[in-house]
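Working notes, beginning with the structure itself.
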Amino acid sequence: MTAAQTTVAALPTRFAGARRFARAFRGRPSGVAGLVILVAFSLLALAAPLFIGDDELDVTKVDGPLLAPPSAHYPLGTDQSGRSVLLLLIWGSRESLRIGVIATVLTVVFGSAVGIIAGHYGGFVGRILMQVTDWFIALPSLPLAISLAAVLGQGSMSITIAIAVTSWTATARLVRAQTLAVEARPFVERARVLGAGDRQIMVKQVLPNVMPLILVSSTLTVAGSLLSEATLTFLGLGNPADVTWGEMLHEAFFGGAFTAGAWWFLLPPGLAILAVVLAFTLTGRAVEYVLDPRMEKK
Amino acid sequence: MTDIDTRTPALEVRDLSVVYPASGGRGPARAVDGVNLSVGQGEIVALIGESGCGKSTLARALVGLVKPTGGQVLYQDTPLDYSAIALKQYRRHTQLVLQDPGGALNPKQNVYDAVALGPRLHGLTDRLPETVRNALAQAGLRPPEDFFGRYPHELSGGQQQRVVIAGALALNPSVIVADEPVASLDASVRGEILKLMLRLRDDLGLSALVVSHDLGLAWNIADRVAVMYLGRIVEQGTVEEVLLRPQHPYTQALLSVIPSGAEDWRPTLLTGEPPDPTAIPAGCRFHPRCGRWAAASADERAASGCDRRELPVLAPDASAAACHLLSPTALETA
Amino acid sequence: MTTDTVKNEPLATEDAETASALLDVRDLHVSYRQGGRTVPAVRGVSFSLAPGDTLGIAGESGCGKSTMALGLLRLHGAKAQVSGEVLFRGEDLLTTTWSRLRAVRWAGASVVFQGAMSALNPVRTVLEQIVEPIVLHDKVSAKEAERRAAELLDSVGIPSRRMRSYPHEFSGGQRQRVMIAMALACRPDLIIADEPTTALDVMVQAQILELLAELVRESRIAVIMITHDLSLLAHTCDRLAVMYAGRIVELGPSRQVLDSPKHPYTRALSRAFPTIGDPASRLAPAGLAGDPPRPSEVGDGCAFAARCSEVTEACRTGEMLLWPAGPGRSAACLRVRPDHGGTS
């Protein structure tokens, strides 16, 4: 009876918190718009294999006109191999989003762990961790990606790693600063007096209070990762066999679409990147606003 | 009421000192500089002092949050062991209640989780809901179930402090160290929380050390008082002795600034620099601000030696004041 | 009796005095917009203050005492709606222009805030910060303003060699002294001190209060002092107003209000501060069960009824007014109302 009562008493407020979040989020139209765009792109990317096959993507199997302008059959025209740009765009979202999301997860997990540990222990451990972080900040992403591509081969893996290695430092710094602020609050001292060890304090006390910040920073990191992916692939570090938005831009630029005035090949991947980056940023800003505890007082 | 047994103290410190290393161009800070103090079983001791006198550091040393640089903390006559395992074991017996109840509760945890935190950390999860319910009821939050799912920001300051106290009670401790437990609460709530502390002593036989700047609090709930100045206890004794017949000039000054009912209320204002633990004066550490020293003639000053002679550290449960100007005869006539 | 018809008006006799009053507050309301609703924080407060008067305002956090005091000078900006009348030297501060109001804020009535560190500009020396309003308002030369600033700082106990120090170089008590000097810079007729000693040690608190009392005696400045500590006010203020849930519930000479409170809330509040040596409070702390109502939850009847030990049925429905309760005194409790067999 007692345990059941506890959960019954505790659960409604948990859901109430989520409901409150949803209600507040709905009050931010720009965030809702961003979220809608993200959901649309994700659904399209997930559903792509249902209507796009090798027949449409394999250069050797397609039979469309080369670099044809938009028409009824090819709403966004074709590329120089005769593939539909619309289908390329949809298929490209899969790899682009995957690289962006995986790079972000790596960045956020590693960066948060370093940030919390550095902030919690301070002293010698904290100083060493922050010095390593500073060293990574100085690391230029482009030469790093080029060397990684040389070692691991061209393709999404080297690009993902290059993005993660260069962007975790920002998260680490942010999380460390927030950890220091949280650790200074009395409830951490209370947990310690109740018998909590370092790990329990970091996981149970600090992490939940740093989480909103991590969430916000990760939406912005995804946006940054997508842009980095496009940049690195455009510069030729991607695998030519993959279809990504950066790869499309690369082929359009170096394959003669630019000189041929084939704007329909050049523009869509650029606009798609813009739309997704903007959507992530808008969602992130809205989440940041909604999670700000000071908002309730306004 | 539980009998107060001061002969076997629940918690005791012997010649305790805590020195913080030098930083920012200042010398090392002697926050606690030689303190003997004991809290008997079922006894409430008030530790009174101004900010910067080292009272909060002393409180944290008592619960093992700050490791002393000298001296000992003894729990039931056993010196405190600072290994992680022993320290965790010690946490079940001695708990700390902090000043700011709003800050002492994790905003992401509801009341149930906040109170269950201690038992969970110690693996005491059998019949956990019952433990939490009892702790909340003991802390005066009734019916306890109504509070389980609530979050700190949904509670008033007094309720928050009760949740913090319930969190400490859930471990069934024998000593509570409270650092300014009512300083951030409203006047009406203050009395309610103090009543609760008295009741816990009577019902559960809890011992308590209450750290405060407020002498009225000592009058309200304490059995004994220790007055601290710049890292040392300058006067201690029963509440009646210290508050009604203060011996030390510092205690007298502290008492004089409390607005009294008298029309001719004239506070004795202390002047001079505020006490600084990085620069403790030689001799009696209070003499630069002492009214009697300031009024003394050169001969009297030379005879007293307030600015040269070190004062002995007061014994843990003696009724005494550390002042060169208090000769035995002065004590009788005061 | 005429006062029964005038809402929350302290005393009939004071109506005649308002002509000479420095400050005359009539039926002041302050409400906030919160989450789409209007929350009344101050619900009809009236009092008046003659030159040199000292009025203490006491009450628990959330009772509206600070909101009320800041509302007098419209210091809430656009966040709050303020209505009623605040006549300062006969001029209604609630309807006057912002430029007039700015002039009044420094030279007529100035405020001492509680957080001296956040109220002082950290990157400018205290001297600069005091000189600025003097030059701005009194249109004197910088040299003259500096001389006056030095005099002021000296009068609050800051030696002239420290005038060119920055706020962080001072202790909390010294910063509060600087704040008082700043408030005095343009020779105001009224000082509103909002919890001027709350964050300070008892010893420093006593020093600051002594300083304020001395300044008032010398210059006949009127003071409104707001604090939660009733016992402090009794010594620094001639009159005392106790606020609860946005209204004044008791008003009268400080000593009398403290020694023989008419309102049960005042009684509970004054008991909460023990007198050392009083056997009644030894090992017997006095409190008041329950919490004050949130401003958004105040309903009909007496707002204190839920926590009152002497509550009657009539308390829960009737309109509470400040009824006269002896010479110069009034209380918003049914028990002092004449037809209830009260004291007057």
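Residue numbers start at 1 in each chain; chains themselves are named A, B, ... in the order of the structure tokens; ligands are numbered from 1 in the order shown.
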
Distance filter 8 Å, only C-alpha atoms, chain C against chain B, as a ChimeraX atom specification: /C:60-61,201-203,206-207,228-229,231-232,235,268-269,272-277,281-289,291

Taking C-alpha atoms for each residue, export the selection above as an mmCIF file, in the first residue's frame.
data_model
loop_
_atom_site.group_PDB
_atom_site.id
_atom_site.type_symbol
_atom_site.label_atom_id
_atom_site.label_comp_id
_atom_site.auth_asym_id
_atom_site.auth_seq_id
_atom_site.Cartn_x
_atom_site.Cartn_y
_atom_site.Cartn_z
ATOM 1 C CA GLU C 60 6.571 39.094 7.095
ATOM 2 C CA SER C 61 8.003 38.543 3.642
ATOM 3 C CA ASP C 201 25.820 41.509 11.805
ATOM 4 C CA VAL C 202 24.053 42.541 14.993
ATOM 5 C CA MET C 203 26.907 44.825 15.973
ATOM 6 C CA ALA C 206 23.237 48.616 15.808
ATOM 7 C CA GLN C 207 25.809 51.054 14.438
ATOM 8 C CA HIS C 228 10.681 42.250 9.392
ATOM 9 C CA ASP C 229 12.263 42.823 12.810
ATOM 10 C CA SER C 231 11.938 45.032 17.935
ATOM 11 C CA LEU C 232 14.316 47.156 15.839
ATOM 12 C CA HIS C 235 13.626 51.989 18.958
ATOM 13 C CA ALA C 268 2.136 36.951 17.603
ATOM 14 C CA LEU C 269 4.831 38.907 15.800
ATOM 15 C CA ALA C 272 8.349 35.904 18.183
ATOM 16 C CA PHE C 273 11.214 38.152 19.319
ATOM 17 C CA PRO C 274 12.067 36.915 22.789
ATOM 18 C CA THR C 275 13.194 39.232 25.538
ATOM 19 C CA ILE C 276 16.311 37.797 27.124
ATOM 20 C CA GLY C 277 15.649 37.377 30.812
ATOM 21 C CA SER C 281 10.037 32.767 26.700
ATOM 22 C CA ARG C 282 12.798 30.644 28.254
ATOM 23 C CA LEU C 283 12.789 27.270 26.442
ATOM 24 C CA ALA C 284 9.486 28.338 24.947
ATOM 25 C CA PRO C 285 9.858 29.856 21.499
ATOM 26 C CA ALA C 286 6.682 31.475 20.235
ATOM 27 C CA GLY C 287 5.625 31.212 16.645
ATOM 28 C CA LEU C 288 2.542 31.358 14.544
ATOM 29 C CA ALA C 289 1.319 28.231 12.773
ATOM 30 C CA ASP C 291 1.704 30.603 6.316
#

Which of range 221-268 of chain C DSSP labels alpha helix (DSSP H), written as a ChimeraX atom specification: /C:230-236,254-259,264-268

Output for the residues just chosen: N, CA and C atoms as an mmCIF file, in the first residue's frame:
data_model
loop_
_atom_site.group_PDB
_atom_site.id
_atom_site.type_symbol
_atom_site.label_atom_id
_atom_site.label_comp_id
_atom_site.auth_asym_id
_atom_site.auth_seq_id
_atom_site.Cartn_x
_atom_site.Cartn_y
_atom_site.Cartn_z
ATOM 1 N N LEU C 230 10.476 43.510 14.254
ATOM 2 C CA LEU C 230 9.633 44.446 14.982
ATOM 3 C C LEU C 230 10.405 45.178 16.086
ATOM 4 N N SER C 231 11.288 44.436 16.772
ATOM 5 C CA SER C 231 11.938 45.032 17.935
ATOM 6 C C SER C 231 12.879 46.166 17.528
ATOM 7 N N LEU C 232 13.435 46.082 16.308
ATOM 8 C CA LEU C 232 14.316 47.156 15.839
ATOM 9 C C LEU C 232 13.536 48.451 15.667
ATOM 10 N N LEU C 233 12.329 48.303 15.092
ATOM 11 C CA LEU C 233 11.549 49.481 14.750
ATOM 12 C C LEU C 233 11.134 50.250 15.983
ATOM 13 N N ALA C 234 10.861 49.526 17.065
ATOM 14 C CA ALA C 234 10.376 50.181 18.264
ATOM 15 C C ALA C 234 11.349 51.254 18.727
ATOM 16 N N HIS C 235 12.643 51.042 18.453
ATOM 17 C CA HIS C 235 13.626 51.989 18.958
ATOM 18 C C HIS C 235 14.001 53.077 17.987
ATOM 19 N N THR C 236 13.752 52.831 16.703
ATOM 20 C CA THR C 236 14.165 53.819 15.728
ATOM 21 C C THR C 236 12.994 54.636 15.221
ATOM 22 N N SER C 254 4.997 53.377 18.431
ATOM 23 C CA SER C 254 5.755 52.122 18.454
ATOM 24 C C SER C 254 5.667 51.382 19.779
ATOM 25 N N ARG C 255 5.995 52.109 20.860
ATOM 26 C CA ARG C 255 6.055 51.441 22.162
ATOM 27 C C ARG C 255 4.720 50.802 22.523
ATOM 28 N N GLN C 256 3.651 51.576 22.284
ATOM 29 C CA GLN C 256 2.326 51.063 22.638
ATOM 30 C C GLN C 256 1.960 49.857 21.798
ATOM 31 N N VAL C 257 2.280 49.931 20.493
ATOM 32 C CA VAL C 257 1.938 48.816 19.611
ATOM 33 C C VAL C 257 2.660 47.563 20.068
ATOM 34 N N LEU C 258 3.935 47.723 20.465
ATOM 35 C CA LEU C 258 4.709 46.560 20.891
ATOM 36 C C LEU C 258 4.258 46.049 22.254
ATOM 37 N N ASP C 259 4.007 46.971 23.190
ATOM 38 C CA ASP C 259 3.711 46.557 24.557
ATOM 39 C C ASP C 259 2.288 46.053 24.721
ATOM 40 N N PRO C 264 -4.263 40.533 16.810
ATOM 41 C CA PRO C 264 -3.640 39.243 17.162
ATOM 42 C C PRO C 264 -2.354 38.982 16.374
ATOM 43 N N TYR C 265 -2.283 39.483 15.152
ATOM 44 C CA TYR C 265 -1.079 39.258 14.358
ATOM 45 C C TYR C 265 0.110 40.007 14.957
ATOM 46 N N THR C 266 -0.108 41.259 15.335
ATOM 47 C CA THR C 266 0.954 42.030 15.972
ATOM 48 C C THR C 266 1.420 41.331 17.244
ATOM 49 N N ARG C 267 0.443 40.797 17.989
ATOM 50 C CA ARG C 267 0.764 40.112 19.233
ATOM 51 C C ARG C 267 1.690 38.922 18.943
ATOM 52 N N ALA C 268 1.329 38.120 17.940
ATOM 53 C CA ALA C 268 2.136 36.951 17.603
ATOM 54 C C ALA C 268 3.526 37.375 17.136
#

Per-residue nearest contacts of chain C to chain A (12 Å; only C-alpha atoms) as JSON lines:
{"residue": "C:Tyr32", "atom": "CA", "partner": "A:Lys298", "partner_atom": "CA", "distance": 10.0}
{"residue": "C:Arg33", "atom": "CA", "partner": "A:Lys298", "partner_atom": "CA", "distance": 8.4}
{"residue": "C:Gln34", "atom": "CA", "partner": "A:Lys298", "partner_atom": "CA", "distance": 6.6}
{"residue": "C:Gly35", "atom": "CA", "partner": "A:Lys298", "partner_atom": "CA", "distance": 7.3}
{"residue": "C:Gly36", "atom": "CA", "partner": "A:Lys298", "partner_atom": "CA", "distance": 9.9}
{"residue": "C:Arg37", "atom": "CA", "partner": "A:Lys298", "partner_atom": "CA", "distance": 11.5}
{"residue": "C:Lys79", "atom": "CA", "partner": "A:Lys298", "partner_atom": "CA", "distance": 9.4}
{"residue": "C:Ala80", "atom": "CA", "partner": "A:Lys298", "partner_atom": "CA", "distance": 11.8}

Interface residues on chain B facing chain A, 6 Å, only C-alpha atoms, written as a PyMOL selection string: chain B and resi 88+91+103-106+118+149

Backbone DSSP call of strand (DSSP E) for range 98-238 of chain B, listed as a ChimeraX atom specification: /B:175-179,207-212,224-229,232-238

Those residues with C-alpha atoms, as a tab-separated table (two decimals), in the first residue's frame please?
chain	number	residue	atom	x	y	z
B	175	VAL	CA	23.13	14.68	16.99
B	176	ILE	CA	21.98	17.55	14.79
B	177	VAL	CA	24.24	20.45	13.94
B	178	ALA	CA	22.17	23.37	12.70
B	179	ASP	CA	23.89	26.33	11.03
B	207	SER	CA	21.41	16.44	20.96
B	208	ALA	CA	21.92	19.63	19.00
B	209	LEU	CA	24.49	22.30	18.37
B	210	VAL	CA	22.76	25.39	17.01
B	211	VAL	CA	24.99	27.97	15.37
B	212	SER	CA	23.54	31.46	15.27
B	224	ARG	CA	24.21	26.08	27.27
B	225	VAL	CA	25.79	28.88	25.24
B	226	ALA	CA	29.26	29.33	23.82
B	227	VAL	CA	30.21	32.75	22.46
B	228	MET	CA	32.84	32.71	19.73
B	229	TYR	CA	35.12	35.51	18.59
B	232	ARG	CA	38.05	31.04	19.85
B	233	ILE	CA	35.31	30.56	22.38
B	234	VAL	CA	35.53	33.59	24.64
B	235	GLU	CA	32.76	32.72	27.06
B	236	GLN	CA	30.59	29.73	27.80
B	237	GLY	CA	28.21	28.46	30.43
B	238	THR	CA	24.54	27.81	30.97

Leu136 in chain C environment, 10 Å, only C-alpha atoms, sequence neighbours closer than 4 positions dropped, as a PyMOL selection string: chain C and resi 103+106+131-132+140-142+145+186

Just to be explicit: take each residue in the selection above, keep N, CA and C atoms, and write the result as a JSON list (two decimals), in the first residue's frame.
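Final output, result.json:
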[["chain", "number", "residue", "atom", "x", "y", "z"],
["C", 103, "ALA", "N", 13.15, 64.14, -10.26],
["C", 103, "ALA", "CA", 13.66, 65.19, -9.39],
["C", 103, "ALA", "C", 13.30, 64.90, -7.93],
["C", 106, "TRP", "N", 15.46, 62.06, -5.98],
["C", 106, "TRP", "CA", 16.74, 62.34, -5.34],
["C", 106, "TRP", "C", 16.62, 63.43, -4.27],
["C", 131, "VAL", "N", 28.93, 62.24, -5.81],
["C", 131, "VAL", "CA", 29.05, 63.55, -6.45],
["C", 131, "VAL", "C", 28.02, 63.69, -7.58],
["C", 132, "GLU", "N", 27.82, 62.62, -8.32],
["C", 132, "GLU", "CA", 26.97, 62.68, -9.51],
["C", 132, "GLU", "C", 25.58, 63.26, -9.25],
["C", 140, "VAL", "N", 25.59, 72.44, -8.89],
["C", 140, "VAL", "CA", 26.75, 73.10, -8.30],
["C", 140, "VAL", "C", 28.00, 72.61, -9.04],
["C", 141, "SER", "N", 29.12, 73.28, -8.82],
["C", 141, "SER", "CA", 30.36, 72.88, -9.49],
["C", 141, "SER", "C", 30.83, 71.55, -8.93],
["C", 142, "ALA", "N", 31.66, 70.86, -9.71],
["C", 142, "ALA", "CA", 32.16, 69.57, -9.30],
["C", 142, "ALA", "C", 32.93, 69.69, -7.99],
["C", 145, "ALA", "N", 30.52, 70.04, -5.15],
["C", 145, "ALA", "CA", 29.85, 68.76, -4.92],
["C", 145, "ALA", "C", 30.78, 67.80, -4.19],
["C", 186, "CYS", "N", 21.30, 64.79, -1.76],
["C", 186, "CYS", "CA", 20.59, 65.97, -2.23],
["C", 186, "CYS", "C", 19.67, 66.55, -1.17]]

Surrounding residues of range 144-150 of chain A excluding itself and chain neighbours under 3 positions, 10 Å, only C-alpha atoms, as an MDAnalysis selection string: chainID A and resid 139:141 153:163 165:166 232 235:239

Residue selection dump (N, CA and C atoms) as an mmCIF file, in the first residue's frame:
data_model
loop_
_atom_site.group_PDB
_atom_site.id
_atom_site.type_symbol
_atom_site.label_atom_id
_atom_site.label_comp_id
_atom_site.auth_asym_id
_atom_site.auth_seq_id
_atom_site.Cartn_x
_atom_site.Cartn_y
_atom_site.Cartn_z
ATOM 1 N N LEU A 139 43.044 23.338 -31.505
ATOM 2 C CA LEU A 139 43.169 22.405 -32.627
ATOM 3 C C LEU A 139 42.302 22.873 -33.796
ATOM 4 N N PRO A 140 42.868 23.104 -34.970
ATOM 5 C CA PRO A 140 42.055 23.546 -36.109
ATOM 6 C C PRO A 140 41.311 22.352 -36.716
ATOM 7 N N SER A 141 40.030 22.531 -37.005
ATOM 8 C CA SER A 141 39.218 21.390 -37.428
ATOM 9 C C SER A 141 39.582 20.913 -38.828
ATOM 10 N N GLY A 153 40.624 6.977 -43.906
ATOM 11 C CA GLY A 153 39.970 6.943 -45.203
ATOM 12 C C GLY A 153 38.879 7.998 -45.266
ATOM 13 N N GLN A 154 38.574 8.436 -46.496
ATOM 14 C CA GLN A 154 37.537 9.441 -46.663
ATOM 15 C C GLN A 154 36.193 8.864 -46.251
ATOM 16 N N GLY A 155 35.291 9.704 -45.820
ATOM 17 C CA GLY A 155 33.941 9.204 -45.525
ATOM 18 C C GLY A 155 33.369 9.771 -44.251
ATOM 19 N N SER A 156 32.176 9.333 -43.942
ATOM 20 C CA SER A 156 31.441 9.959 -42.847
ATOM 21 C C SER A 156 32.101 9.714 -41.495
ATOM 22 N N MET A 157 32.804 8.568 -41.328
ATOM 23 C CA MET A 157 33.390 8.300 -40.024
ATOM 24 C C MET A 157 34.449 9.340 -39.680
ATOM 25 N N SER A 158 35.370 9.607 -40.600
ATOM 26 C CA SER A 158 36.413 10.594 -40.300
ATOM 27 C C SER A 158 35.794 11.957 -40.036
ATOM 28 N N ILE A 159 34.738 12.267 -40.818
ATOM 29 C CA ILE A 159 34.104 13.576 -40.647
ATOM 30 C C ILE A 159 33.423 13.668 -39.283
ATOM 31 N N THR A 160 32.719 12.599 -38.908
ATOM 32 C CA THR A 160 32.050 12.589 -37.603
ATOM 33 C C THR A 160 33.065 12.775 -36.484
ATOM 34 N N ILE A 161 34.162 12.003 -36.565
ATOM 35 C CA ILE A 161 35.173 12.099 -35.511
ATOM 36 C C ILE A 161 35.799 13.495 -35.499
ATOM 37 N N ALA A 162 36.089 14.026 -36.676
ATOM 38 C CA ALA A 162 36.703 15.356 -36.731
ATOM 39 C C ALA A 162 35.805 16.403 -36.079
ATOM 40 N N ILE A 163 34.494 16.281 -36.361
ATOM 41 C CA ILE A 163 33.562 17.260 -35.773
ATOM 42 C C ILE A 163 33.526 17.095 -34.253
ATOM 43 N N VAL A 165 35.718 15.745 -32.208
ATOM 44 C CA VAL A 165 36.973 16.076 -31.531
ATOM 45 C C VAL A 165 37.138 17.585 -31.379
ATOM 46 N N THR A 166 36.640 18.350 -32.363
ATOM 47 C CA THR A 166 36.846 19.789 -32.273
ATOM 48 C C THR A 166 35.722 20.520 -31.552
ATOM 49 N N LEU A 232 33.113 20.243 -44.718
ATOM 50 C CA LEU A 232 34.177 19.257 -44.920
ATOM 51 C C LEU A 232 33.909 18.415 -46.169
ATOM 52 N N LEU A 235 34.544 20.305 -49.322
ATOM 53 C CA LEU A 235 35.967 20.424 -49.629
ATOM 54 C C LEU A 235 36.538 19.101 -50.124
ATOM 55 N N GLY A 236 35.718 18.059 -50.194
ATOM 56 C CA GLY A 236 36.173 16.822 -50.820
ATOM 57 C C GLY A 236 36.642 15.765 -49.849
ATOM 58 N N LEU A 237 36.292 15.901 -48.573
ATOM 59 C CA LEU A 237 36.746 14.913 -47.600
ATOM 60 C C LEU A 237 35.724 13.790 -47.419
ATOM 61 N N GLY A 238 34.584 13.888 -48.078
ATOM 62 C CA GLY A 238 33.573 12.851 -47.947
ATOM 63 C C GLY A 238 33.827 11.709 -48.917
ATOM 64 N N ASN A 239 33.026 10.678 -48.797
ATOM 65 C CA ASN A 239 33.105 9.549 -49.706
ATOM 66 C C ASN A 239 32.216 9.839 -50.913
#

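Once range 307-318 of chain C and its same-chain neighbours fewer than 3 positions away are set aside, His263, Pro264, Tyr265, Ala268, Leu288, Ala289, Gly290, Asp291, Pro292, Pro293, Gly299, Asp300, Gly301, Cys302, Ala303, Phe304, Leu321, Cys333, Leu334 and Arg335 of chain C remain within 10 Å of it when counting only C-alpha atoms.
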